[in-house]
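J.: I have a structure I would like to understand better, so I am pasting it below and will then ask my questions one at a time.
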Amino acid sequence: MRILGVDYGSKRIGLAISDETATIAQSVGYVTGGVADVVRVATERGAGKIVVGVPVKLDNTHSPQTERTLAFIKQLSEGTTLPVARWDERLTTAQAERVLIEGNVQRKDRREQIDKLAAQLMLQSYLDATGNAAL
């Protein structure tokens, strides 16, 4: 079963998809719409589950972005019959930015790539932690 990973952002929603065995995550880009776009991509890619990264602060408190993400998860859960799971994505955006900087990606190009890379890193973390239980 394929799993769609979602990195919800205020401007872009980064997306990644797993392989059939739920072992490897691969970036599939981003959408700028909302729930309908995410559900469309999940359907097009044959996902059987959606995992949304929840940004929690290091001290385990919620930020305004955490609250927006939780509201998005609620809308997504109501807008699809697929199971929707949450996953702690703390620091994945920072990790993605470091990877892009180390790869000498220019600042203007990083903005376009960071959300989809963050989604891939978050989904890979989920897959690694849950193994076959992800299915």
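All residue names refer to the structure tokens as shown: chains lettered A, B, ... in order, residues numbered from 1 in each chain, ligands numbered from 1 in order.
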Can you list, as JSON, numbers by chain, every protein, DNA or RNA residue that comes within 9 Å of A:Gly9 when you count only C-alpha atoms, leaving out same-chain residues fewer than 6 positions away?

T.: {"A": [65, 68, 69, 115]}

J.: Would you mind exporting all heavy atoms of the selected residues as a PDB file, in the first residue's frame?

T.:
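Heads up, here's the output in again-v7.pdb:
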ATOM      1  N   GLN A  65       1.199  27.548  13.794  1.00  0.00           N
ATOM      2  CA  GLN A  65       1.247  26.621  12.657  1.00  0.00           C
ATOM      3  C   GLN A  65       0.746  25.232  13.062  1.00  0.00           C
ATOM      4  O   GLN A  65       0.097  24.552  12.267  1.00  0.00           O
ATOM      5  CB  GLN A  65       2.654  26.530  12.068  1.00  0.00           C
ATOM      6  CG  GLN A  65       2.765  25.646  10.837  1.00  0.00           C
ATOM      7  CD  GLN A  65       1.885  26.087   9.670  1.00  0.00           C
ATOM      8  OE1 GLN A  65       1.619  27.273   9.489  1.00  0.00           O
ATOM      9  NE2 GLN A  65       1.415  25.142   8.886  1.00  0.00           N
ATOM     10  N   ARG A  68      -3.013  25.464  12.886  1.00  0.00           N
ATOM     11  CA  ARG A  68      -3.477  25.473  11.488  1.00  0.00           C
ATOM     12  C   ARG A  68      -3.390  24.073  10.881  1.00  0.00           C
ATOM     13  O   ARG A  68      -4.272  23.648  10.133  1.00  0.00           O
ATOM     14  CB  ARG A  68      -2.666  26.474  10.658  1.00  0.00           C
ATOM     15  CG  ARG A  68      -3.015  27.932  10.936  1.00  0.00           C
ATOM     16  CD  ARG A  68      -2.351  28.874   9.942  1.00  0.00           C
ATOM     17  NE  ARG A  68      -0.914  28.946  10.103  1.00  0.00           N
ATOM     18  CZ  ARG A  68      -0.284  29.784  10.926  1.00  0.00           C
ATOM     19  NH1 ARG A  68      -0.965  30.642  11.656  1.00  0.00           N
ATOM     20  NH2 ARG A  68       1.031  29.783  11.000  1.00  0.00           N
ATOM     21  N   THR A  69      -2.317  23.372  11.205  1.00  0.00           N
ATOM     22  CA  THR A  69      -2.137  22.012  10.685  1.00  0.00           C
ATOM     23  C   THR A  69      -3.192  21.075  11.246  1.00  0.00           C
ATOM     24  O   THR A  69      -3.757  20.254  10.510  1.00  0.00           O
ATOM     25  CB  THR A  69      -0.722  21.492  11.007  1.00  0.00           C
ATOM     26  OG1 THR A  69       0.237  22.379  10.435  1.00  0.00           O
ATOM     27  CG2 THR A  69      -0.507  20.093  10.461  1.00  0.00           C
ATOM     28  N   ASP A 115       9.494  22.460   0.803  1.00  0.00           N
ATOM     29  CA  ASP A 115       8.273  21.809   1.282  1.00  0.00           C
ATOM     30  C   ASP A 115       8.187  20.358   0.824  1.00  0.00           C
ATOM     31  O   ASP A 115       7.830  19.469   1.601  1.00  0.00           O
ATOM     32  CB  ASP A 115       7.038  22.580   0.818  1.00  0.00           C
ATOM     33  CG  ASP A 115       6.980  23.968   1.434  1.00  0.00           C
ATOM     34  OD1 ASP A 115       7.191  24.078   2.649  1.00  0.00           O
ATOM     35  OD2 ASP A 115       6.742  24.933   0.693  1.00  0.00           O
TER      36      ASP A 115
END

J.: Any chance you could list, as a VMD selection string, the residues in chain A that come up strand (DSSP E or B) when DSSP is run on the backbone?

T.: chain A and resid 2 to 8 13 to 18 25 to 31 47 to 54 56 62 84 to 88

J.: Measuring between only C-alpha atoms, which one of A:Leu117, A:Ile24, A:Val41, A:Leu70 shows the shortest distance to A:Val54?

T.: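 Looking only at the distances to A:Val54, the closest residue turns out to be A:Leu70.
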
J.: Determine which residues of stretch 6-53 of chain A receive a DSSP assignment of alpha helix (DSSP H), computed from the backbone, and state them as a PDB file with N, CA, C and O atoms, in the first residue's frame.

T.:
ATOM      1  N   VAL A  35      -7.425  20.830   0.712  1.00  0.00           N
ATOM      2  CA  VAL A  35      -7.810  19.438   0.891  1.00  0.00           C
ATOM      3  C   VAL A  35      -8.099  18.755  -0.443  1.00  0.00           C
ATOM      4  O   VAL A  35      -7.645  17.634  -0.681  1.00  0.00           O
ATOM      5  N   ALA A  36      -8.844  19.405  -1.318  1.00  0.00           N
ATOM      6  CA  ALA A  36      -9.211  18.784  -2.604  1.00  0.00           C
ATOM      7  C   ALA A  36      -7.977  18.402  -3.414  1.00  0.00           C
ATOM      8  O   ALA A  36      -7.945  17.324  -4.027  1.00  0.00           O
ATOM      9  N   ASP A  37      -6.951  19.251  -3.413  1.00  0.00           N
ATOM     10  CA  ASP A  37      -5.718  18.940  -4.152  1.00  0.00           C
ATOM     11  C   ASP A  37      -4.997  17.743  -3.543  1.00  0.00           C
ATOM     12  O   ASP A  37      -4.472  16.890  -4.262  1.00  0.00           O
ATOM     13  N   VAL A  38      -4.948  17.686  -2.221  1.00  0.00           N
ATOM     14  CA  VAL A  38      -4.272  16.565  -1.552  1.00  0.00           C
ATOM     15  C   VAL A  38      -5.020  15.270  -1.839  1.00  0.00           C
ATOM     16  O   VAL A  38      -4.404  14.247  -2.165  1.00  0.00           O
ATOM     17  N   VAL A  39      -6.336  15.284  -1.750  1.00  0.00           N
ATOM     18  CA  VAL A  39      -7.138  14.087  -2.032  1.00  0.00           C
ATOM     19  C   VAL A  39      -6.971  13.665  -3.491  1.00  0.00           C
ATOM     20  O   VAL A  39      -6.839  12.474  -3.791  1.00  0.00           O
ATOM     21  N   ARG A  40      -6.923  14.633  -4.402  1.00  0.00           N
ATOM     22  CA  ARG A  40      -6.720  14.337  -5.820  1.00  0.00           C
ATOM     23  C   ARG A  40      -5.392  13.611  -6.033  1.00  0.00           C
ATOM     24  O   ARG A  40      -5.330  12.587  -6.723  1.00  0.00           O
ATOM     25  N   VAL A  41      -4.318  14.133  -5.433  1.00  0.00           N
ATOM     26  CA  VAL A  41      -2.994  13.509  -5.592  1.00  0.00           C
ATOM     27  C   VAL A  41      -2.988  12.118  -4.954  1.00  0.00           C
ATOM     28  O   VAL A  41      -2.437  11.171  -5.523  1.00  0.00           O
ATOM     29  N   ALA A  42      -3.615  11.971  -3.799  1.00  0.00           N
ATOM     30  CA  ALA A  42      -3.685  10.661  -3.148  1.00  0.00           C
ATOM     31  C   ALA A  42      -4.371   9.653  -4.062  1.00  0.00           C
ATOM     32  O   ALA A  42      -3.907   8.513  -4.210  1.00  0.00           O
ATOM     33  N   THR A  43      -5.440  10.074  -4.703  1.00  0.00           N
ATOM     34  CA  THR A  43      -6.174   9.204  -5.613  1.00  0.00           C
ATOM     35  C   THR A  43      -5.333   8.881  -6.845  1.00  0.00           C
ATOM     36  O   THR A  43      -5.213   7.707  -7.237  1.00  0.00           O
ATOM     37  N   GLU A  44      -4.734   9.913  -7.452  1.00  0.00           N
ATOM     38  CA  GLU A  44      -3.904   9.711  -8.646  1.00  0.00           C
ATOM     39  C   GLU A  44      -2.730   8.771  -8.380  1.00  0.00           C
ATOM     40  O   GLU A  44      -2.345   7.984  -9.244  1.00  0.00           O
TER      41      GLU A  44
END

J.: Determine, using only C-alpha atoms, which residues of stretch 47-79 of chain A have any atom at most 12 Å from an atom of stretch 18-22 of chain A, and tabulate each with its shortest atom pair and distance in Å to one decimal place, rows ordered by chain and then rising number, as a tab-separated table.

T.:
residue	atom	partner	partner_atom	distance
A:Ala47	CA	A:Ser18	CA	8.4
A:Gly48	CA	A:Glu20	CA	9.8
A:Lys49	CA	A:Ser18	CA	10.2
A:Ile50	CA	A:Ser18	CA	10.3
A:Val51	CA	A:Ser18	CA	10.7

J.: Go ahead and dump the residues you just picked, all heavy atoms, as a PDB file, in the first residue's frame.

T.:
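Below is the file again15.pdb, written as the result:
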ATOM      1  N   ALA A  47      -2.721   6.074  -3.259  1.00  0.00           N
ATOM      2  CA  ALA A  47      -2.431   6.002  -1.823  1.00  0.00           C
ATOM      3  C   ALA A  47      -3.590   5.340  -1.078  1.00  0.00           C
ATOM      4  O   ALA A  47      -4.755   5.568  -1.388  1.00  0.00           O
ATOM      5  CB  ALA A  47      -2.184   7.398  -1.256  1.00  0.00           C
ATOM      6  N   GLY A  48      -3.240   4.543  -0.092  1.00  0.00           N
ATOM      7  CA  GLY A  48      -4.244   3.915   0.756  1.00  0.00           C
ATOM      8  C   GLY A  48      -4.309   4.545   2.121  1.00  0.00           C
ATOM      9  O   GLY A  48      -5.132   4.161   2.960  1.00  0.00           O
ATOM     10  N   LYS A  49      -3.436   5.517   2.343  1.00  0.00           N
ATOM     11  CA  LYS A  49      -3.357   6.190   3.641  1.00  0.00           C
ATOM     12  C   LYS A  49      -2.661   7.520   3.434  1.00  0.00           C
ATOM     13  O   LYS A  49      -1.845   7.667   2.526  1.00  0.00           O
ATOM     14  CB  LYS A  49      -2.555   5.317   4.614  1.00  0.00           C
ATOM     15  CG  LYS A  49      -2.442   5.831   6.022  1.00  0.00           C
ATOM     16  CD  LYS A  49      -1.648   4.824   6.857  1.00  0.00           C
ATOM     17  CE  LYS A  49      -1.764   5.085   8.321  1.00  0.00           C
ATOM     18  NZ  LYS A  49      -1.096   4.036   9.111  1.00  0.00           N
ATOM     19  N   ILE A  50      -2.984   8.488   4.287  1.00  0.00           N
ATOM     20  CA  ILE A  50      -2.340   9.800   4.256  1.00  0.00           C
ATOM     21  C   ILE A  50      -1.737  10.063   5.628  1.00  0.00           C
ATOM     22  O   ILE A  50      -2.400   9.844   6.648  1.00  0.00           O
ATOM     23  CB  ILE A  50      -3.347  10.910   3.901  1.00  0.00           C
ATOM     24  CG1 ILE A  50      -3.968  10.652   2.524  1.00  0.00           C
ATOM     25  CG2 ILE A  50      -2.675  12.286   3.947  1.00  0.00           C
ATOM     26  CD1 ILE A  50      -5.115  11.593   2.167  1.00  0.00           C
ATOM     27  N   VAL A  51      -0.495  10.526   5.641  1.00  0.00           N
ATOM     28  CA  VAL A  51       0.172  10.898   6.893  1.00  0.00           C
ATOM     29  C   VAL A  51       0.517  12.378   6.801  1.00  0.00           C
ATOM     30  O   VAL A  51       1.179  12.811   5.858  1.00  0.00           O
ATOM     31  CB  VAL A  51       1.455  10.078   7.129  1.00  0.00           C
ATOM     32  CG1 VAL A  51       2.163  10.530   8.391  1.00  0.00           C
ATOM     33  CG2 VAL A  51       1.139   8.593   7.190  1.00  0.00           C
TER      34      VAL A  51
END

J.: So the first atom is atom CA of A:Ile101 and the second is atom CA of A:Ser63; what is the distance between them in Å, to one decimal place?

T.: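 Interatomic distance, atom CA of A:Ile101 to atom CA of A:Ser63: 25.6 Å.
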
J.: For each of A:Asp109, A:Asp88, A:Glu102, A:Glu78, take the minimum atom-to-atom distance to A:Val56, counting only C-alpha atoms, then give the residue where this is smallest.

T.: A:Asp88

J.: From the set A:Leu121, A:Leu82, A:Ala71, A:Ala25, which residue has the shortest atom-to-atom contact distance to A:Ala94, counting only C-alpha atoms?

T.: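 Under the stated criterion, the closest residue is A:Leu121.
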
J.: Which polymer residues have any atom within 12 Å of an atom of A:Lys74, counting only C-alpha atoms, with same-chain residues fewer than 5 positions away left out, as a ChimeraX atom specification?

T.: /A:35,52,67-69,79-80,83-86

J.: What's the 10 Å shell around A:Lys11, counting only C-alpha atoms, without same-chain residues fewer than 4 positions away, as a list in words?

T.: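 These residues fall inside the cut-off: Tyr30, Val31, Thr32, Gly33, Gly34 and Asp115 of chain A.
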
J.: Could you work out how far atom CA of A:Gly131 lies from atom CA of A:Tyr8, giving the answer in Å with one decimal?

T.: 23.2 Å

J.: Quick one: pull the distance between atom CA of A:Arg45 and atom CA of A:Ser77, Å, one decimal.

T.: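 Computing the Euclidean distance for atom CA of A:Arg45 and atom CA of A:Ser77 yields 18.0 Å.
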
J.: Excluding A:Gly29 and residues on its chain fewer than 2 positions from it, collect all residues at most 6 Å away from it, counting only C-alpha atoms, and give them as a PyMOL selection string.

T.: chain A and resi 15+27+116
